[in-house]
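So this block is structure.txt, compact mmCIF, C-alpha atoms:
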```
# COMPACT_ATOMS: atom_id res chain seq x y z
CA MET A 753 2.35 -13.77 19.23
CA LYS A 754 -1.20 -14.06 17.92
CA ILE A 755 -1.64 -11.68 14.99
CA ALA A 756 -4.88 -10.99 13.12
CA VAL A 757 -4.12 -9.97 9.54
CA ILE A 758 -7.11 -8.11 8.10
CA GLY A 759 -6.94 -8.35 4.31
CA GLY A 760 -4.82 -11.43 4.89
CA THR A 761 -5.75 -13.17 1.64
CA GLY A 762 -4.59 -10.35 -0.68
CA LEU A 763 -1.30 -9.55 -2.40
CA ILE A 764 0.47 -8.18 0.68
CA GLY A 765 -1.59 -9.82 3.41
CA SER A 766 -1.04 -13.38 2.23
CA GLN A 767 2.74 -12.84 2.20
CA VAL A 768 2.63 -11.21 5.65
CA VAL A 769 0.76 -14.24 7.02
CA THR A 770 3.31 -16.62 5.49
CA ASN A 771 6.24 -14.64 6.92
CA LEU A 772 4.76 -14.42 10.40
CA ASN A 773 3.85 -18.10 10.62
CA ALA A 774 7.30 -19.09 9.30
CA ALA A 775 8.79 -17.03 12.15
CA GLY A 776 6.78 -19.01 14.71
CA HIS A 777 3.90 -16.64 15.31
CA GLU A 778 0.21 -17.47 14.99
CA ALA A 779 -0.95 -15.28 12.12
CA VAL A 780 -4.56 -15.69 11.02
CA PRO A 781 -5.79 -14.21 7.70
CA HIS A 782 -9.18 -12.50 7.68
CA SER A 783 -11.15 -11.15 4.72
CA LYS A 784 -14.62 -11.26 3.22
CA SER A 785 -13.83 -14.75 1.94
CA THR A 786 -13.26 -15.93 5.53
CA GLY A 787 -16.49 -14.35 6.77
CA VAL A 788 -15.13 -11.04 8.06
CA ASP A 789 -16.79 -7.89 6.67
CA ILE A 790 -15.09 -4.77 7.97
CA ILE A 791 -17.82 -2.51 6.57
CA SER A 792 -20.88 -4.22 8.05
CA GLY A 793 -18.86 -5.33 11.06
CA GLN A 794 -19.77 -8.99 10.61
CA GLY A 795 -17.14 -11.24 12.20
CA VAL A 796 -14.83 -8.38 13.16
CA ASP A 797 -15.05 -8.81 16.95
CA GLU A 798 -14.31 -12.53 16.61
CA ALA A 799 -11.43 -11.91 14.21
CA VAL A 800 -9.48 -9.66 16.57
CA ALA A 801 -10.49 -11.21 19.92
CA GLY A 802 -7.40 -12.42 21.75
CA ALA A 803 -4.96 -11.01 19.19
CA ASP A 804 -1.81 -9.33 20.42
CA VAL A 805 -1.51 -7.40 17.16
CA VAL A 806 -3.89 -6.39 14.39
CA VAL A 807 -2.37 -5.79 10.94
CA ASN A 808 -4.72 -4.01 8.53
CA VAL A 809 -3.68 -4.27 4.88
CA THR A 810 -7.16 -3.98 3.39
CA ASN A 811 -7.79 -1.88 0.32
CA SER A 812 -10.76 0.14 -0.84
CA PRO A 813 -12.56 -1.47 -3.80
CA THR A 814 -12.47 1.89 -5.62
CA PHE A 815 -10.01 4.79 -5.90
CA ASP A 816 -12.71 7.46 -6.07
CA GLU A 817 -14.45 9.52 -3.39
CA ALA A 818 -16.18 6.39 -2.03
CA SER A 819 -12.80 5.28 -0.68
CA LEU A 820 -13.08 7.90 2.09
CA ALA A 821 -16.22 6.24 3.47
CA PHE A 822 -14.59 2.81 3.13
CA PHE A 823 -11.59 3.71 5.29
CA ARG A 824 -13.63 5.71 7.80
CA THR A 825 -16.12 2.90 8.41
CA SER A 826 -13.62 0.06 8.34
CA MET A 827 -11.23 1.77 10.75
CA ASP A 828 -14.02 2.69 13.15
CA ASN A 829 -15.19 -0.94 13.19
CA LEU A 830 -11.72 -2.43 13.52
CA LEU A 831 -10.53 -0.04 16.22
CA ALA A 832 -13.69 -0.57 18.28
CA ALA A 833 -13.21 -4.33 18.07
CA ALA A 834 -9.50 -4.06 18.86
CA GLN A 835 -10.25 -1.91 21.90
CA LYS A 836 -12.82 -4.43 23.10
CA GLY A 837 -10.47 -7.32 22.47
CA GLY A 838 -7.51 -5.82 24.32
CA VAL A 839 -5.25 -5.55 21.26
CA GLY A 840 -1.90 -3.98 22.13
CA HIS A 841 -0.61 -2.94 18.70
CA PHE A 842 -2.42 -1.89 15.51
CA VAL A 843 -0.49 -1.73 12.23
CA ILE A 844 -1.62 -0.26 8.91
CA LEU A 845 0.02 -0.10 5.49
CA SER A 846 -0.07 3.32 3.84
CA ILE A 847 1.69 5.22 1.04
CA VAL A 848 4.80 7.42 1.00
CA GLY A 849 3.70 11.01 0.34
CA VAL A 850 0.04 10.21 1.00
CA ASP A 851 -0.54 13.55 2.71
CA GLN A 852 1.07 15.51 -0.14
CA VAL A 853 -1.46 14.77 -2.90
CA PRO A 854 -4.86 16.05 -1.73
CA GLU A 855 -6.01 16.19 -5.36
CA LEU A 856 -6.35 12.38 -5.35
CA ASP A 857 -9.43 11.00 -3.55
CA TYR A 858 -7.69 7.74 -2.69
CA TYR A 859 -4.70 9.50 -1.13
CA ARG A 860 -7.00 11.70 0.94
CA ALA A 861 -8.77 8.52 2.05
CA LYS A 862 -5.51 6.86 3.11
CA ALA A 863 -4.48 10.04 4.94
CA LEU A 864 -7.84 9.90 6.74
CA GLN A 865 -7.14 6.28 7.69
CA GLU A 866 -3.84 7.35 9.25
CA LYS A 867 -5.54 10.20 11.10
CA ILE A 868 -8.21 7.90 12.57
CA LEU A 869 -5.52 5.47 13.77
CA THR A 870 -3.34 8.13 15.39
CA ALA A 871 -6.35 9.71 17.14
CA GLY A 872 -7.19 6.45 18.89
CA THR A 873 -5.86 5.02 22.13
CA ILE A 874 -4.27 1.81 20.84
CA PRO A 875 -0.47 1.83 20.32
CA TYR A 876 0.12 1.85 16.58
CA SER A 877 2.54 1.68 13.69
CA ILE A 878 2.15 3.08 10.18
CA VAL A 879 4.24 1.56 7.40
CA ARG A 880 4.29 3.81 4.35
CA ALA A 881 5.50 2.19 1.13
CA THR A 882 6.30 3.63 -2.26
CA GLN A 883 4.49 2.38 -5.40
CA PHE A 884 4.41 -1.40 -5.86
CA MET A 885 6.30 -2.87 -8.80
CA ASP A 886 3.41 -5.34 -9.06
CA PHE A 887 1.00 -2.57 -10.12
CA MET A 888 2.99 -1.35 -13.13
CA ASP A 889 0.88 -3.31 -15.63
CA ALA A 890 -2.26 -1.66 -14.27
CA VAL A 891 -0.67 1.80 -14.50
CA LEU A 892 0.26 1.14 -18.13
CA SER A 893 -3.29 0.03 -18.95
CA TRP A 894 -4.94 3.23 -17.70
CA THR A 895 -3.78 5.43 -20.57
CA ALA A 896 -2.97 2.91 -23.31
CA ASP A 897 -4.32 2.31 -26.80
CA ALA A 898 -3.17 0.00 -29.58
CA ASP A 899 -0.06 2.02 -30.40
CA THR A 900 0.89 4.19 -27.45
CA VAL A 901 0.98 4.46 -23.66
CA ARG A 902 0.82 7.97 -22.26
CA LEU A 903 2.58 8.55 -18.95
CA PRO A 904 3.78 11.59 -16.99
CA ALA A 905 7.39 11.87 -15.86
CA THR A 906 6.38 11.65 -12.18
CA PRO A 907 9.31 10.35 -10.07
CA ILE A 908 8.54 6.84 -8.77
CA GLN A 909 10.61 4.65 -6.41
CA PRO A 910 9.10 1.20 -7.03
CA ILE A 911 9.18 -1.51 -4.36
CA ALA A 912 8.48 -5.23 -4.67
CA SER A 913 5.44 -6.55 -2.80
CA LYS A 914 7.65 -9.19 -1.14
CA ASP A 915 9.78 -6.43 0.38
CA VAL A 916 6.65 -4.60 1.58
CA ALA A 917 5.38 -7.77 3.25
CA ASP A 918 8.76 -8.34 4.91
CA ALA A 919 8.71 -4.81 6.34
CA VAL A 920 5.11 -5.07 7.57
CA ALA A 921 5.83 -8.39 9.29
CA GLU A 922 8.93 -6.94 10.94
CA VAL A 923 7.02 -3.94 12.28
CA ALA A 924 4.12 -6.11 13.45
CA THR A 925 6.38 -8.19 15.68
CA GLY A 926 8.27 -5.22 17.11
CA ALA A 927 7.32 -2.57 19.65
CA PRO A 928 4.69 -0.08 18.40
CA LEU A 929 6.34 2.82 16.57
CA ASN A 930 3.58 5.26 17.52
CA GLY A 931 4.73 6.89 14.32
CA ILE A 932 5.58 6.22 10.68
CA ARG A 933 8.22 4.08 8.96
CA ASN A 934 8.83 4.82 5.27
CA ILE A 935 10.02 1.99 3.04
CA ALA A 936 11.01 2.33 -0.60
CA GLY A 937 12.66 0.58 -3.51
CA PRO A 938 16.36 1.17 -4.15
CA GLU A 939 15.97 3.25 -7.35
CA VAL A 940 14.01 6.28 -8.55
CA PHE A 941 12.66 6.41 -12.13
CA PRO A 942 10.51 8.89 -14.02
CA LEU A 943 7.25 7.00 -14.57
CA ASP A 944 7.48 7.35 -18.35
CA GLU A 945 10.97 5.80 -18.32
CA LEU A 946 9.71 2.98 -16.10
CA GLY A 947 7.00 2.37 -18.66
CA ARG A 948 9.56 2.10 -21.47
CA ILE A 949 11.69 -0.34 -19.45
CA THR A 950 8.64 -2.48 -18.69
CA LEU A 951 7.35 -2.60 -22.28
CA SER A 952 10.82 -3.35 -23.63
CA HIS A 953 11.21 -6.28 -21.25
CA LYS A 954 7.86 -7.69 -22.36
CA GLY A 955 8.68 -7.27 -26.06
CA ASP A 956 5.79 -4.80 -26.34
CA ASN A 957 6.40 -2.43 -29.26
CA ARG A 958 4.02 0.31 -28.18
CA THR A 959 5.53 3.76 -27.77
CA VAL A 960 5.52 5.56 -24.43
CA VAL A 961 4.55 9.19 -24.92
CA THR A 962 5.47 11.58 -22.13
CA ASP A 963 2.24 13.34 -21.19
CA PRO A 964 2.07 15.41 -17.98
CA THR A 965 -1.75 15.19 -18.02
CA ALA A 966 -2.07 11.40 -18.35
CA GLY A 967 -3.48 9.11 -15.68
CA MET A 968 -3.74 9.26 -11.91
CA PHE A 969 -0.14 10.26 -11.32
CA ALA A 970 -0.59 13.45 -13.35
CA ALA A 971 -2.00 14.99 -10.15
CA VAL A 972 1.30 14.46 -8.33
CA LYS A 973 3.48 17.56 -8.17
CA GLY A 974 7.22 17.15 -7.64
CA ASP A 975 8.85 14.06 -6.17
CA VAL A 976 6.62 13.58 -3.10
CA LEU A 977 6.14 9.86 -3.86
CA THR A 978 9.83 9.13 -3.27
CA ASP A 979 11.94 9.26 -0.12
CA LYS A 980 15.72 9.00 -0.20
CA ASN A 981 15.73 8.69 3.60
CA ALA A 982 13.34 5.71 3.67
CA ARG A 983 14.46 2.22 4.58
CA LEU A 984 15.52 0.91 1.18
CA ALA A 985 14.35 -2.53 0.11
CA PRO A 986 16.81 -4.87 -1.65
CA THR A 987 14.91 -5.75 -4.85
CA HIS A 988 15.84 -3.77 -7.98
CA TYR A 989 13.24 -3.35 -10.72
CA ALA A 990 15.32 -5.14 -13.37
CA ASP A 991 15.72 -8.15 -11.07
CA TRP A 992 11.99 -8.15 -10.28
CA LEU A 993 11.14 -8.07 -13.99
CA SER A 994 13.38 -11.05 -14.70
```
Write out the structure in this file as structure tokens.
Amino acid sequence: MKIAVIGGTGLIGSQVVTNLNAAGHEAVPHSKSTGVDIISGQGVDEAVAGADVVVNVTNSPTFDEASLAFFRTSMDNLLAAAQKGGVGHFVILSIVGVDQVPELDYYRAKALQEKILTAGTIPYSIVRATQFMDFMDAVLSWTADADTVRLPATPIQPIASKDVADAVAEVATGAPLNGIRNIAGPEVFPLDELGRITLSHKGDNRTVVTDPTAGMFAAVKGDVLTDKNARLAPTHYADWLS
């Protein structure tokens, strides 16, 4: 199969491209660095022309309200090009619980991306993943100072980026789901506990203070970012850390 991977030079996309090519498919990475601009539309028609499948793993450059315009414009451009190019399957990567946290601009933007895809005419698949293990350092940095890191006790089910890429590649080469597949890590942690585990492993002596108002995940109510019925990935957090 010929598969156009939009965002194919990033954390997930580059691994998806590697997986697909190793399996004998022709996966081509596309991004701004390869001359494809999904906002202006430059190079988009050429990128998807002749592709059997389009995989879109692009990310908004910001998490604020501007992310809504990013996903609206990029999806409109990509879907128009895919329609013109005769693409038979369009895959996006989204987030478990994305429609349950309207307080977060970025989650509303990703929910909008899903809505635009499902309203179109191209057969599609949505892969929703839980929070990436790879982003834990960034989460810690948001509310840290020299002595403490403040984190809420939001339940998190972290998944390794490798496992996300494996799942996306599997879906991309299968029949369109015309629906959603949830994937998740094998364990659930309160975010504050995950912070303590991470700092301890790094030999970082800062104290994690449980603060229900701290950081982006403070807006999350309940355990909507986890899913015990998701397809569980094999990588445990302790193994990923080591």
Restricting to only C-alpha atoms, whichever of A:Ala985, A:Val768, A:Val960, A:Ala821 is closest to A:Ala898 is A:Val960
| Counting only C-alpha atoms, what is within 10 Å of A:Pro986, bar same-chain residues fewer than 2 positions away, as a ChimeraX atom specification? | /A:911-912,915,936-939,983-984,988-989
One residue among A:Ala832, A:Leu951, A:Ala799, A:Leu820 is nearest to A:Val901 when using all atoms listed in the file, and that residue is A:Leu951
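Compared by their closest atoms to A:His777, and using all atoms listed in the file, the residues A:Leu864, A:Leu943, A:Met753, A:Lys980 rank with A:Met753 nearest.
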Query - Residue nearest A:Thr925 - candidates A:Asn957, A:Ser877, A:Asn808, A:Thr814, atoms counted: only C-alpha atoms - result: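 Result for the nearest residue to A:Thr925: A:Ser877.
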Contact table stretch 893-923 of chain A vs stretch 846-850 of chain A, cut-off 12 Å, shortest pair per residue, all atoms listed in the file, as CSV:
```
residue,atom,partner,partner_atom,distance
A:Pro907,CA,A:Gly849,CA,11.8
A:Ile908,CA,A:Val848,CA,10.5
A:Gln909,CA,A:Val848,CA,9.8
A:Pro910,CA,A:Val848,CA,11.0
A:Ile911,CA,A:Val848,CA,11.3
A:Val916,CA,A:Ser846,CA,10.6
A:Val920,CA,A:Ser846,CA,10.5
```
For a quick check of understanding, using only C-alpha atoms, which of A:Arg880, A:Val843, A:Asp828, A:Pro781 has the smallest distance to A:Val923?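 Answer, going by the shortest atom-to-atom distance: A:Val843.
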May I ask for the distance between atom CA of A:Gly926 and atom CA of A:Asp991, given in Å to one decimal place?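 One can read the atom CA of A:Gly926 to atom CA of A:Asp991 distance as 29.3 Å.
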Excluding same-chain residues fewer than 5 positions from stretch 783-798 of chain A, what lies within 7 Å of it counting only C-alpha atoms, as a list in words?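 After dropping sequence-adjacent residues, the list is Ile758, Gly759, Gly760, Thr761, Thr825, Ser826, Asn829, Leu830 and Ala833 of chain A.
The smallest atom-to-atom distance between A:Lys754 and any of A:Ile874, A:Ala966, A:Ile868, A:Ala924, using all atoms listed in the file, is found for A:Ala924.
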If we count all atoms listed in the file and set the cut-off at 10 Å, which residues sit around A:Pro904, ignoring sequence neighbours fewer than 5 positions away in its own chain? Please answer as a list in words. Pro942, Leu943, Asp944, Glu945, Gly947, Val960, Val961, Thr962, Asp963, Pro964, Thr965, Ala966, Gly967, Met968, Phe969, Ala970, Ala971 and Val972 of chain A
re atom CA of A:Asp857 and atom CA of A:Thr810: distance 16.7 Å
Edge lengths and centre in Å to one decimal, as JSON, is what I'm after for the box along x, y and z that holds all listed atoms of stretch 780-793 of chain A once 4 Å is added on each side.
```
{"center_x": -12.7, "center_y": -9.2, "center_z": 6.5, "size_x": 24.3, "size_y": 21.4, "size_z": 17.1}
```
One decimal place gives the atom CA of A:Leu903-atom CA of A:Ala982 separation as 25.2 Å
